[in-house]
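Data block for entry-v3.cif (mmCIF, C-alpha atoms):
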data_run
loop_
_atom_site.label_atom_id
_atom_site.label_comp_id
_atom_site.auth_asym_id
_atom_site.auth_seq_id
_atom_site.Cartn_x
_atom_site.Cartn_y
_atom_site.Cartn_z
CA ASN W 1 -8.16 -49.21 -8.55
CA CYS W 2 -11.82 -49.92 -9.27
CA LEU W 3 -12.70 -46.27 -9.90
CA THR W 4 -10.70 -46.37 -13.14
CA ALA W 5 -13.64 -48.28 -14.62
CA ALA W 6 -15.62 -45.03 -14.99
CA GLY W 7 -13.04 -43.64 -17.41
CA ALA W 8 -12.71 -46.94 -19.24
CA VAL W 9 -16.50 -47.21 -19.63
CA ALA W 10 -16.56 -43.68 -21.08
CA GLY W 11 -13.61 -44.33 -23.38
CA ALA W 12 -15.19 -47.48 -24.80
CA GLY W 13 -18.69 -46.04 -25.04
CA ALA W 14 -19.91 -49.01 -23.00
CA ASP W 15 -23.64 -49.42 -22.48
CA ALA W 16 -23.31 -52.52 -20.24
CA ILE W 17 -20.93 -53.78 -17.59
CA ILE W 18 -19.75 -57.06 -16.11
CA TRP W 19 -18.35 -56.47 -12.62
CA ALA W 20 -16.43 -59.44 -11.11
CA ASP W 21 -15.57 -58.52 -7.53
CA GLN W 22 -15.95 -59.97 -4.05
CA HIS W 23 -17.48 -56.59 -3.10
CA GLY W 24 -20.55 -54.91 -4.54
CA ASP W 25 -18.83 -51.52 -4.83
CA LEU W 26 -22.35 -50.10 -4.64
CA ASN W 27 -21.93 -47.79 -1.67
CA THR W 28 -22.50 -44.06 -2.02
CA PRO W 29 -21.22 -41.21 0.15
CA GLU W 30 -24.53 -41.47 2.02
CA THR W 31 -24.37 -45.23 2.67
CA THR W 32 -20.67 -46.00 3.13
CA THR W 33 -19.55 -46.97 6.60
CA THR W 34 -15.86 -46.54 5.77
CA GLY W 35 -15.63 -43.72 3.22
CA PHE W 36 -13.57 -46.01 0.96
CA LEU W 37 -13.90 -44.61 -2.57
CA ASP W 38 -13.31 -47.92 -4.31
CA GLY W 39 -16.41 -49.19 -2.54
CA MET W 40 -18.38 -46.66 -4.62
CA ALA W 41 -16.91 -47.56 -8.00
CA LEU W 42 -19.80 -49.54 -9.51
CA ALA W 43 -22.28 -47.07 -8.02
CA THR W 44 -20.39 -44.30 -9.87
CA VAL W 45 -20.49 -46.22 -13.18
CA LEU W 46 -24.26 -46.70 -12.71
CA GLY W 47 -24.77 -42.99 -12.01
CA LEU W 48 -25.82 -43.51 -8.38
CA CYS W 49 -23.19 -41.18 -6.95
CA TRP W 50 -20.39 -38.79 -7.87
CA ARG W 51 -22.46 -37.68 -10.89
CA ARG W 52 -20.85 -34.28 -11.29
CA MET W 53 -17.37 -35.79 -11.15
CA ALA W 54 -18.24 -38.61 -13.57
CA ASN W 55 -19.85 -36.19 -16.00
CA GLN W 56 -16.48 -34.45 -16.31
CA ILE W 57 -15.13 -37.58 -18.02
CA PRO W 58 -15.48 -37.03 -21.78
CA GLY W 59 -18.10 -39.40 -23.18
CA PHE W 60 -19.27 -40.74 -19.82
CA LYS W 61 -22.85 -42.01 -19.72
CA PRO W 62 -24.06 -44.01 -16.74
CA VAL W 63 -24.75 -47.68 -17.41
CA ASP W 64 -28.35 -48.74 -16.87
CA PRO W 65 -28.45 -51.12 -13.85
CA SER W 66 -30.48 -53.60 -15.93
CA ARG W 67 -27.40 -53.98 -18.14
CA SER W 68 -25.11 -54.76 -15.22
CA VAL W 69 -23.86 -58.15 -14.12
CA LEU W 70 -22.31 -58.56 -10.66
CA VAL W 71 -20.18 -61.70 -10.50
CA ASN W 72 -19.38 -63.49 -7.23
CA ALA W 73 -20.00 -60.55 -4.89
CA ARG W 74 -19.98 -62.07 -1.42
CA ASP W 75 -18.86 -59.28 0.91
CA LEU W 76 -21.77 -56.82 0.86
CA ASP W 77 -22.71 -54.07 3.28
CA ALA W 78 -26.32 -53.89 4.47
CA ALA W 79 -27.01 -50.85 2.25
CA GLU W 80 -25.60 -52.70 -0.77
CA ARG W 81 -27.82 -55.72 -0.11
CA GLU W 82 -30.81 -53.41 0.17
CA LEU W 83 -29.93 -51.67 -3.08
CA LEU W 84 -29.47 -54.99 -4.87
CA GLU W 85 -33.03 -55.93 -3.88
CA LYS W 86 -34.31 -52.77 -5.61
CA LEU W 87 -32.14 -52.56 -8.73
CA PRO W 88 -32.39 -54.97 -11.70
CA ILE W 89 -28.68 -55.85 -11.51
CA VAL W 90 -28.05 -59.44 -12.61
CA ARG W 91 -26.21 -61.40 -9.93
CA THR W 92 -24.34 -64.54 -10.84
CA GLU W 93 -21.60 -66.88 -9.71
CA CYS W 94 -18.73 -67.86 -11.98
CA PRO W 95 -20.10 -71.25 -13.06
CA ASP W 96 -23.51 -69.75 -13.95
CA TRP W 97 -22.36 -67.13 -16.48
CA LYS W 98 -24.54 -68.32 -19.41
CA SER W 99 -27.83 -66.87 -18.19
CA ALA W 100 -26.14 -63.54 -17.39
CA ALA W 101 -24.72 -63.32 -20.92
CA GLN W 102 -28.15 -64.17 -22.38
CA ARG W 103 -29.77 -61.48 -20.26
CA LEU W 104 -27.33 -58.78 -21.44
CA LYS W 105 -27.84 -59.85 -25.06
CA ALA W 106 -31.62 -59.83 -24.65
CA ASP W 107 -31.45 -56.34 -23.12
CA GLY W 108 -29.64 -55.11 -26.24
CA ALA W 109 -26.15 -54.59 -24.79
CA ARG W 110 -23.94 -53.47 -27.67
CA GLN W 111 -20.67 -52.48 -25.96
CA VAL W 112 -19.83 -54.31 -22.74
CA HIS W 113 -17.09 -53.28 -20.35
CA MET W 114 -15.60 -56.07 -18.24
CA HIS W 115 -14.15 -55.23 -14.83
CA VAL W 116 -12.24 -57.87 -12.86
CA ASP W 117 -11.16 -57.04 -9.33
CA LEU W 118 -8.64 -59.71 -8.44
CA ASP W 119 -10.09 -60.03 -4.93
CA VAL W 120 -12.98 -61.94 -6.51
CA HIS W 121 -10.75 -65.03 -6.21
CA ASP W 122 -10.75 -67.40 -3.28
CA PRO W 123 -7.84 -66.04 -1.19
CA GLU W 124 -6.84 -69.62 -0.34
CA LYS W 125 -6.03 -70.09 -4.02
CA LEU W 126 -4.99 -66.57 -5.07
CA GLN W 127 -4.58 -63.52 -2.87
CA ALA W 128 -4.05 -60.28 -4.77
CA ASN W 129 -4.58 -57.71 -2.01
CA ARG W 130 -5.57 -57.20 1.61
CA TYR W 131 -9.33 -56.99 0.98
CA THR W 132 -10.13 -60.67 1.20
CA THR W 133 -13.14 -62.62 2.29
CA PRO W 134 -13.19 -66.43 2.48
CA GLY W 135 -14.70 -68.31 -0.41
CA GLY W 136 -14.99 -67.29 -4.01
CA PRO W 137 -13.94 -68.94 -7.25
CA VAL W 138 -10.54 -70.38 -8.11
CA PRO W 139 -8.56 -68.74 -10.95
CA GLU W 140 -9.67 -71.31 -13.55
CA GLN W 141 -13.34 -70.61 -12.73
CA VAL W 142 -12.85 -66.86 -13.10
CA ARG W 143 -11.03 -67.31 -16.40
CA MET W 144 -13.71 -69.68 -17.77
CA ALA W 145 -16.53 -67.36 -16.70
CA MET W 146 -14.94 -64.22 -18.14
CA CYS W 147 -14.15 -65.96 -21.42
CA GLY W 148 -17.62 -67.49 -21.46
CA LEU W 149 -19.19 -64.07 -21.00
CA ALA W 150 -16.89 -62.54 -23.62
CA GLY W 151 -17.81 -65.16 -26.22
CA PRO W 152 -21.37 -64.09 -27.02
CA LEU W 153 -20.97 -60.42 -26.07
CA ALA W 154 -19.19 -57.45 -27.65
CA ILE W 155 -16.49 -56.66 -25.09
CA ALA W 156 -15.40 -53.06 -25.60
CA GLY W 157 -12.98 -52.73 -22.71
CA LEU W 158 -11.38 -54.41 -19.72
CA THR W 159 -10.14 -53.18 -16.37
CA ILE W 160 -8.23 -55.36 -13.93
CA SER W 161 -7.77 -53.93 -10.48
CA ALA W 162 -6.50 -54.17 -6.96
CA TYR W 163 -3.18 -55.96 -7.17
CA ASP W 164 -0.84 -55.38 -4.25
CA PRO W 165 2.43 -57.36 -4.58
CA ALA W 166 2.90 -57.21 -0.80
CA PHE W 167 0.14 -59.83 -0.53
CA ASP W 168 1.58 -62.03 -3.28
CA PRO W 169 5.03 -63.03 -1.96
CA LYS W 170 5.40 -65.91 -4.46
CA GLY W 171 4.40 -63.77 -7.45
CA ASP W 172 1.48 -66.02 -8.36
CA VAL W 173 -0.86 -63.26 -9.53
CA PRO W 174 0.86 -61.76 -12.62
CA PRO W 175 1.12 -65.04 -14.58
CA LEU W 176 -2.50 -65.90 -13.82
CA VAL W 177 -3.65 -62.43 -14.90
CA GLY W 178 -1.58 -62.90 -18.05
CA GLU W 179 -3.39 -66.18 -18.76
CA LEU W 180 -6.73 -64.47 -18.22
CA VAL W 181 -5.89 -61.64 -20.63
CA VAL W 182 -4.48 -64.00 -23.29
CA ASP W 183 -7.54 -66.26 -23.07
CA LEU W 184 -9.89 -63.25 -23.24
CA LEU W 185 -8.09 -61.87 -26.30
CA SER W 186 -8.16 -65.31 -27.92
CA THR W 187 -11.90 -65.53 -27.25
CA LEU W 188 -12.48 -62.10 -28.77
CA GLU W 189 -10.20 -62.85 -31.74
CA SER W 190 -12.05 -66.09 -32.54
CA LYS W 191 -15.40 -64.33 -32.98
#
Could you take the file, read its structure, and then write that structure out as structure tokens?
Amino acid sequence: NCLTAAGAVAGAGADAIIWADQHGDLNTPETTTTGFLDGMALATVLGLCWRRMANQIPGFKPVDPSRSVLVNARDLDAAERELLEKLPIVRTECPDWKSAAQRLKADGARQVHMHVDLDVHDPEKLQANRYTTPGGPVPEQVRMAMCGLAGPLAIAGLTISAYDPAFDPKGDVPPLVGELVVDLLSTLESK
């Protein structure tokens, strides 16, 4: 699930994060309307909530919101929208990844963690779980954006989350995730 990103960020010593997700995952225990922990995952990585728990992870340091890129978030709660107006989180859509990469580089990001929640995809083209909202990028757009972001940046780690085979009766998701990982590794290898 998305909360695994906190451990992966700590393990990689990441000082920046790319978060591709249809949700903001920026709720806190005070703002959530559902209590869904995954909806607090990016907020945890940024040190906005669950600080005592996150500090128990060896090596965990919250990522500065100015070194955070939120890709294709389209299903946001009111509190998340309000928070995004206050925090310097870079928001982008898949085709517009270049300026986000330039911003992270300019801000001195040295070790970037990439998190891809598969529900970022347009559910008409790829449905990986039950948490879907209409719209979003097609798999090729996600793959191009993630590889484009990985090209100029030092990617230290990757988490891929939220696959539920019950919502993928044809088994479309695993091969497409495999393509994404292979293309990302090829991008990193060619640096």
If you apply the PyMOL selection byres ((chain W and resi 121-125) around 7) to this file, what residues do you get, as a list in words?
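Answer for the PyMOL selection byres ((chain W and resi 121-125) around 7): Leu118, Asp119, Val120, Leu126, Gln127, Thr132, Pro134, Gly135, Gly136, Pro137, Val138 and Pro139 of chain W.
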Take the PyMOL selection byres ((chain W and resi 88) around 6), run it mentally on this structure, and tell me the resulting residues as a list of chain:residue names.
W:Pro65, W:Ser66, W:Leu87, W:Ile89
Of the candidates W:Thr92, W:Gln111, W:Gln102, W:Asn27, which shows the shortest atom-to-atom distance to Gly157 of chain W, using only C-alpha atoms?
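Of W:Thr92, W:Gln111, W:Gln102, W:Asn27, the one nearest Gly157 of chain W is W:Gln111, counting only C-alpha atoms.
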Skip Phe60 of chain W itself and residues of its chain fewer than 6 positions away, then list as a ChimeraX atom specification all residues within 10 Å of it, counting all atoms listed in the file.
/W:6-14,45,47,51,54
Rank nothing, just name the residue among W:Ala78, W:Leu26, W:Ala20, W:Leu3 nearest to Met53 of chain W, using all atoms listed in the file.
W:Leu3
Calculated over all atoms listed in the file, which of the candidates W:Ala43, W:Ala16, W:Ala101, W:Leu70 has the smallest distance to Gly151 of chain W?
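The closest residue to Gly151 of chain W is W:Ala101.
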Could you please determine the separation between atom CA of Gln56 of chain W and atom CA of Thr44 of chain W in Å, to one decimal place?
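Atom-to-atom, atom CA of Gln56 of chain W to atom CA of Thr44 of chain W, that is 12.4 Å.
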Nearest to Leu46 of chain W, chosen from W:Asn1, W:Asn129, W:Thr28, W:Asn72, with only C-alpha atoms counted in the distances
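Looking only at the distances to Leu46 of chain W, the closest residue turns out to be W:Thr28.
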Between atom CA of Asp77 of chain W and atom CA of Thr133 of chain W lies a distance of 12.9 Å
Enclose all atoms of segment 145-163 of chain W listed in the file in an axis-aligned box, grow every side by 8 Å, and hand back centre and edge lengths in Å to one decimal, as AutoDock Vina command-line options.
--center_x -12.3 --center_y -60.1 --center_z -17.3 --size_x 34.2 --size_y 30.8 --size_z 36.7
Selection: 7 Å around Gly24 of chain W, only C-alpha atoms, excl. self and same-chain fewer than 5 positions, as a PyMOL selection string:
chain W and resi 73+76+80
